[in-house]
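S.K.: Compact mmCIF, C-alpha atoms, file entry-v6.txt:
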# COMPACT_ATOMS: atom_id res chain seq x y z
CA LEU A 24 -36.86 12.54 70.18
CA LEU A 25 -36.09 8.82 70.12
CA PRO A 26 -34.20 7.27 73.04
CA GLU A 27 -31.36 6.01 70.80
CA GLY A 28 -29.26 7.82 68.22
CA THR A 29 -30.23 11.13 66.64
CA THR A 30 -33.59 12.17 65.19
CA GLU A 31 -33.92 13.55 61.68
CA ILE A 32 -37.15 15.02 60.29
CA LEU A 33 -37.84 14.18 56.64
CA HIS A 34 -39.58 16.66 54.38
CA PRO A 35 -42.60 15.41 52.39
CA LYS A 36 -40.66 15.31 49.11
CA VAL A 37 -37.65 13.48 50.57
CA HIS A 38 -37.69 9.71 50.07
CA GLY A 39 -35.46 8.93 53.05
CA PRO A 40 -32.39 6.71 53.45
CA PHE A 41 -34.18 3.35 53.14
CA MET A 42 -35.34 1.43 50.09
CA GLY A 43 -38.97 1.55 51.24
CA GLU A 44 -40.99 4.72 51.75
CA ILE A 45 -41.77 6.17 55.15
CA ASP A 46 -45.37 7.30 55.50
CA GLU A 47 -46.09 10.81 56.68
CA GLY A 48 -46.34 11.01 60.45
CA MET A 49 -44.54 7.69 60.96
CA THR A 50 -41.26 7.16 62.80
CA GLN A 51 -38.66 4.64 61.69
CA SER A 52 -35.38 3.82 63.43
CA GLY A 53 -32.41 2.91 61.32
CA LEU A 54 -28.78 1.87 61.37
CA ILE A 55 -27.11 4.38 59.06
CA SER A 56 -23.42 4.79 58.30
CA ASN A 57 -21.26 5.88 55.40
CA LEU A 58 -21.27 2.28 54.13
CA PHE A 59 -24.92 1.24 54.34
CA ALA A 60 -28.39 2.13 55.60
CA ALA A 61 -30.88 -0.34 57.06
CA PRO A 62 -34.12 -0.02 59.09
CA ILE A 63 -34.09 -1.54 62.57
CA PHE A 64 -37.04 -2.73 64.65
CA ARG A 65 -36.88 -2.95 68.41
CA HIS A 66 -38.20 -6.05 70.16
CA GLU A 67 -39.13 -6.15 73.81
CA PRO A 68 -37.86 -9.45 75.27
CA GLU A 69 -40.02 -11.51 77.58
CA PRO A 70 -38.74 -12.41 81.07
CA SER A 71 -38.44 -16.03 79.94
CA ASP A 72 -36.35 -15.23 76.83
CA PHE A 73 -32.68 -16.17 76.80
CA LEU A 74 -29.77 -16.42 74.37
CA MET A 75 -28.44 -19.92 73.71
CA ILE A 76 -24.94 -20.32 72.27
CA LEU A 77 -23.91 -23.65 70.81
CA GLY A 78 -20.26 -24.63 70.54
CA LYS A 79 -17.92 -27.57 70.77
CA LYS A 80 -16.82 -28.25 74.31
CA PRO A 81 -14.49 -31.18 75.07
CA SER A 82 -15.83 -33.54 77.67
CA TYR A 83 -13.86 -35.10 80.50
CA LYS A 84 -13.69 -38.45 78.72
CA GLN A 85 -12.14 -36.92 75.59
CA HIS A 86 -9.05 -36.00 77.55
CA HIS A 87 -8.44 -39.71 78.18
CA ARG A 88 -9.78 -41.41 75.05
CA GLU A 89 -10.79 -40.59 71.50
CA GLY A 90 -14.44 -40.10 70.72
CA ALA A 91 -17.01 -37.86 69.08
CA PRO A 92 -16.79 -34.24 70.31
CA SER A 93 -19.58 -33.18 72.63
CA LEU A 94 -21.73 -30.12 72.08
CA GLY A 95 -21.36 -27.30 74.56
CA VAL A 96 -24.42 -25.19 75.39
CA PHE A 97 -24.14 -21.76 77.00
CA LEU A 98 -27.13 -19.72 78.23
CA ARG A 99 -27.03 -15.95 78.53
CA PRO A 100 -29.73 -13.43 79.46
CA LEU A 101 -31.18 -11.61 76.45
CA PRO A 102 -30.18 -7.92 76.29
CA SER A 103 -32.89 -5.44 77.17
CA SER A 104 -32.43 -3.62 73.84
CA THR A 105 -32.81 -6.10 70.99
CA PHE A 106 -33.14 -4.91 67.39
CA CYS A 107 -33.90 -6.75 64.17
CA VAL A 108 -32.10 -5.28 61.15
CA GLY A 109 -34.09 -5.03 57.92
CA GLN A 110 -32.90 -4.98 54.32
CA THR A 111 -29.49 -3.39 53.95
CA GLU A 112 -28.90 -0.83 51.21
CA PRO A 113 -25.25 -0.14 50.29
CA ARG A 114 -24.17 3.49 50.10
CA VAL A 115 -20.69 2.94 48.64
CA LYS A 116 -20.00 1.59 45.17
CA VAL A 117 -17.58 -1.32 45.08
CA PHE A 118 -14.58 -0.82 42.81
CA ALA A 119 -14.68 -2.60 39.48
CA PRO A 120 -11.41 -4.34 38.50
CA ASN A 121 -8.80 -2.15 36.79
CA THR A 122 -10.87 1.03 37.01
CA THR A 123 -9.74 4.54 37.88
CA GLY A 124 -11.42 4.38 41.30
CA GLU A 125 -9.60 1.19 42.25
CA LYS A 126 -6.22 2.47 41.06
CA THR A 127 -6.69 5.81 42.86
CA PHE A 128 -7.42 4.04 46.14
CA GLN A 129 -4.87 1.26 45.74
CA ALA A 130 -1.85 3.57 45.42
CA PRO A 131 -1.89 5.05 48.97
CA PHE A 132 -3.36 1.85 50.46
CA VAL A 133 -0.53 -0.34 49.16
CA THR A 134 2.08 2.17 50.38
CA TYR A 135 0.52 2.21 53.86
CA GLN A 136 0.34 -1.59 54.07
CA ILE A 137 4.03 -1.89 53.20
CA ALA A 138 5.08 0.69 55.77
CA LYS A 139 2.85 -0.76 58.50
CA ASN A 140 4.08 -4.33 57.96
CA LEU A 141 7.72 -3.26 57.90
CA HIS A 142 7.30 -1.21 61.09
CA ARG A 143 5.51 -4.09 62.83
CA THR A 144 8.19 -6.60 61.86
CA GLU A 145 10.98 -4.29 63.02
CA THR A 146 9.23 -3.72 66.35
CA LYS A 147 8.43 -7.37 67.11
CA GLU A 148 11.27 -9.24 65.40
CA GLY A 149 13.98 -6.58 65.18
CA ARG A 150 14.56 -7.02 61.44
CA GLY A 151 13.33 -5.82 58.07
CA LEU A 152 11.83 -7.78 55.19
CA ARG A 153 13.00 -9.03 51.82
CA PHE A 154 11.15 -8.18 48.63
CA ASP A 155 9.63 -11.64 48.27
CA GLU A 156 8.47 -11.57 51.91
CA ILE A 157 6.61 -8.30 51.37
CA ASN A 158 4.99 -9.63 48.21
CA ASP A 159 3.95 -12.97 49.75
CA ARG A 160 2.70 -11.54 53.05
CA LEU A 161 0.70 -8.60 51.77
CA PHE A 162 -0.26 -9.15 48.16
CA ALA A 163 -0.90 -12.86 47.71
CA ASN A 164 -4.37 -12.15 46.24
CA THR A 165 -3.51 -8.87 44.50
CA VAL A 166 -1.74 -8.64 41.17
CA ILE A 167 0.99 -5.98 41.38
CA LEU A 168 3.86 -5.90 38.93
CA PRO A 169 7.30 -6.27 40.56
CA ASN A 170 8.54 -2.90 39.28
CA ALA A 171 5.42 -1.11 40.53
CA LEU A 172 5.69 -2.81 43.94
CA ARG A 173 9.37 -1.94 44.19
CA GLN A 174 8.55 1.73 43.54
CA ARG A 175 6.00 1.66 46.38
CA ILE A 176 8.54 0.12 48.73
CA LYS A 177 11.14 2.78 47.89
CA GLN A 178 8.74 5.49 49.08
CA VAL A 179 8.71 4.15 52.65
CA ALA A 180 11.81 1.97 53.08
CA SER A 181 15.55 1.91 52.54
CA TYR A 182 17.37 -0.98 50.87
CA ASP A 183 20.55 -2.66 52.09
CA LYS A 184 22.43 -4.17 49.14
CA ASN A 185 24.49 -6.46 51.36
CA THR A 186 21.60 -8.13 53.20
CA GLN A 187 18.90 -7.44 50.56
CA ILE A 188 16.65 -6.25 53.39
CA TRP A 189 14.19 -3.35 53.33
CA THR A 190 13.80 -1.27 56.52
CA THR A 191 11.42 1.61 57.28
CA LYS A 192 12.71 5.13 56.74
CA SER A 193 12.91 7.61 59.60
CA ILE A 194 10.14 10.21 59.75
CA GLY A 195 11.21 13.22 57.70
CA PHE A 196 13.85 11.34 55.71
CA GLU A 197 13.15 11.85 51.99
CA ASP A 198 9.72 13.32 52.86
CA PHE A 199 8.53 10.15 54.62
CA PRO A 200 5.57 11.29 56.80
CA GLY A 201 5.36 8.18 59.00
CA VAL A 202 3.02 5.20 59.15
CA GLU A 203 0.14 7.00 60.91
CA ALA A 204 0.18 9.85 58.39
CA LEU A 205 0.02 7.38 55.50
CA GLY A 206 -3.04 5.73 57.07
CA ARG A 207 -4.94 9.03 56.95
CA ARG A 208 -4.66 9.26 53.17
CA PHE A 209 -7.61 6.93 52.53
CA SER A 210 -10.98 6.32 54.17
CA PRO A 211 -12.30 3.24 56.01
CA GLU A 212 -15.14 3.11 53.48
CA GLY A 213 -12.57 2.77 50.71
CA VAL A 214 -10.96 -0.16 52.53
CA ALA A 215 -14.31 -1.93 52.79
CA ALA A 216 -15.05 -1.34 49.09
CA PHE A 217 -11.59 -2.56 48.06
CA GLU A 218 -11.70 -5.70 50.24
CA THR A 219 -15.19 -6.51 48.95
CA SER A 220 -13.98 -6.14 45.38
CA ARG A 221 -11.01 -8.44 45.99
CA ALA A 222 -13.21 -11.05 47.71
CA ALA A 223 -15.64 -11.04 44.77
CA HIS A 224 -12.76 -11.40 42.33
CA ARG A 225 -11.41 -14.33 44.37
CA ARG A 226 -14.80 -16.07 44.26
CA LEU A 227 -14.95 -15.71 40.48
CA CYS A 228 -11.46 -17.19 40.15
CA ASP A 229 -12.43 -20.09 42.40
CA MET A 230 -15.40 -20.73 40.09
CA GLY A 231 -13.03 -20.95 37.12
CA MET A 232 -13.70 -17.49 35.66
CA HIS A 233 -10.18 -16.11 35.22
CA THR A 234 -10.92 -13.70 32.34
CA LEU A 235 -13.11 -10.73 33.27
CA TYR A 236 -14.79 -8.47 30.75
CA SER A 237 -13.62 -4.93 31.50
CA GLY A 238 -15.62 -2.89 29.00
CA SER A 239 -18.19 -0.20 29.68
CA SER A 240 -21.70 -0.77 31.03
CA SER A 241 -23.44 0.32 27.82
CA VAL A 242 -26.04 -1.85 26.12
CA PRO A 243 -23.70 -3.14 23.35
CA SER A 244 -21.03 -4.03 25.91
CA VAL A 245 -23.47 -5.93 28.11
CA GLY A 246 -24.82 -7.70 25.01
CA ALA A 247 -21.31 -8.73 23.99
CA ALA A 248 -20.67 -10.12 27.47
CA MET A 249 -23.91 -12.11 27.38
CA VAL A 250 -23.00 -13.58 23.99
CA TYR A 251 -19.58 -14.57 25.33
CA LEU A 252 -21.05 -16.26 28.40
CA THR A 253 -23.69 -18.07 26.30
CA CYS A 254 -21.06 -19.43 23.93
CA ALA A 255 -18.93 -20.56 26.90
CA VAL A 256 -21.90 -22.42 28.43
CA ASN A 257 -22.79 -24.08 25.11
CA ALA A 258 -19.18 -25.14 24.60
CA ALA A 259 -19.13 -26.71 28.07
CA ARG A 260 -22.33 -28.62 27.30
CA GLU A 261 -20.88 -29.92 24.04
CA ARG A 262 -17.76 -31.14 25.83
CA LYS A 263 -19.92 -32.89 28.42
CA SER A 264 -21.98 -34.56 25.69
CA LYS A 265 -18.86 -35.78 23.86
CA MET A 266 -17.37 -37.13 27.05
CA SER A 267 -20.60 -38.99 27.87
CA LYS A 268 -20.62 -40.59 24.43
CA MET A 269 -16.99 -41.63 24.80
CA VAL A 270 -17.75 -43.23 28.17
CA GLU A 271 -20.74 -45.13 26.74
CA HIS A 272 -18.64 -46.29 23.78
CA ALA A 273 -15.88 -47.52 26.10
CA LYS A 274 -18.41 -49.44 28.21
CA ALA A 275 -19.85 -51.05 25.07
CA LEU A 276 -16.41 -52.23 23.96
CA LYS A 277 -15.69 -53.75 27.36
CA GLY A 278 -19.06 -55.55 27.30
Give the structure from the file, written as structure tokens.
M.R.:
Amino acid sequence: LLPEGTTEILHPKVHGPFMGEIDEGMTQSGLISNLFAAPIFRHEPEPSDFLMILGKKPSYKQHHREGAPSLGVFLRPLPSSTFCVGQTEPRVKVFAPNTTGEKTFQAPFVTYQIAKNLHRTETKEGRGLRFDEINDRLFANTVILPNALRQRIKQVASYDKNTQIWTTKSIGFEDFPGVEALGRRFSPEGVAAFETSRAAHRRLCDMGMHTLYSGSSSVPSVGAAMVYLTCAVNAARERKSKMSKMVEHAKALKG
């Protein structure tokens, strides 16, 4: 048995959890969870090894005059158990935009986020939230139609027509199970997959790609996507060439 974690014996025909193969008779430690699997390699530190942390630390002079910030250096002893993590292999598939998996996860997740934020605001600030506050606080990077969002809010909150404020329902009222019960309707792995999907979508939007191809992964569909991207690149090159010619022509007229 290994000193850390649990030991699992692989049969000869079993490949194992890592991307690389494990030879017969060999032992390999790993960091394995429901999200990913990665081999780890232990390193024995030398007595002279230490951990150096660099960070900005204001000097005494900076409190009295403006100047360049100094660099703070902190030394810490290296832990006795130091591991180097190898190549990470994901074990959960990230949701593709507008797919059944994303919609199935998003329904209970959105409901829980609304209930949790309402309960937190009522506890700390003693008030509920308006519809636009819920939308701006929770779903700034997620496209949810107003009618769909309003239906989610109705499941966990009550509406006051006079103040236009939503407040959390009492547990048991209209089958409301409570915030903690709503949080048990989805897995932490689903949260990681959903957040990763939203972050990737945000990066594509920041790059200027606002229209995503949402077809199947068959060969014709991939070919159609490649043709679309090739035409977009060629069109961008043509625009750049025309703009360069216009700039050269304007310089010639000024000369």
S.K.: Near range 177-189 of chain A, within 6 Å and counting only C-alpha atoms, which residues show up once chain neighbours fewer than 6 positions away are dropped, as a compact mmCIF listing (two decimals) with C-alpha atoms, in the frame of the given file?
M.R.:
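What ended up in result22.txt:
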# COMPACT_ATOMS: atom_id res chain seq x y z
CA ALA A 138 5.08 0.69 55.77
CA GLY A 151 13.33 -5.82 58.07
CA LEU A 152 11.83 -7.78 55.19
CA ARG A 153 13.00 -9.03 51.82
S.K.: Got a sec: who's within 12 Å of Arg143 in chain A, counting only C-alpha atoms, leaving out chain neighbours fewer than 6 positions off, as a PyMOL selection string?
M.R.: chain A and resi 136-137+149-152+190-191+202
S.K.: Between CA of Thr127 in chain A and CA of Phe162 in chain A, measure the distance and give it in Å to one decimal.
M.R.: 17.1 Å
S.K.: Tell me, in Å to one decimal, how far CA of Thr253 in chain A is from CA of Lys265 in chain A.
M.R.: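 According to the coordinates, CA of Thr253 in chain A and CA of Lys265 in chain A are separated by 18.5 Å.
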S.K.: Report, in Å with one decimal, the straight-line distance from CA of Phe209 in chain A to CA of Lys126 in chain A.
M.R.: 12.4 Å
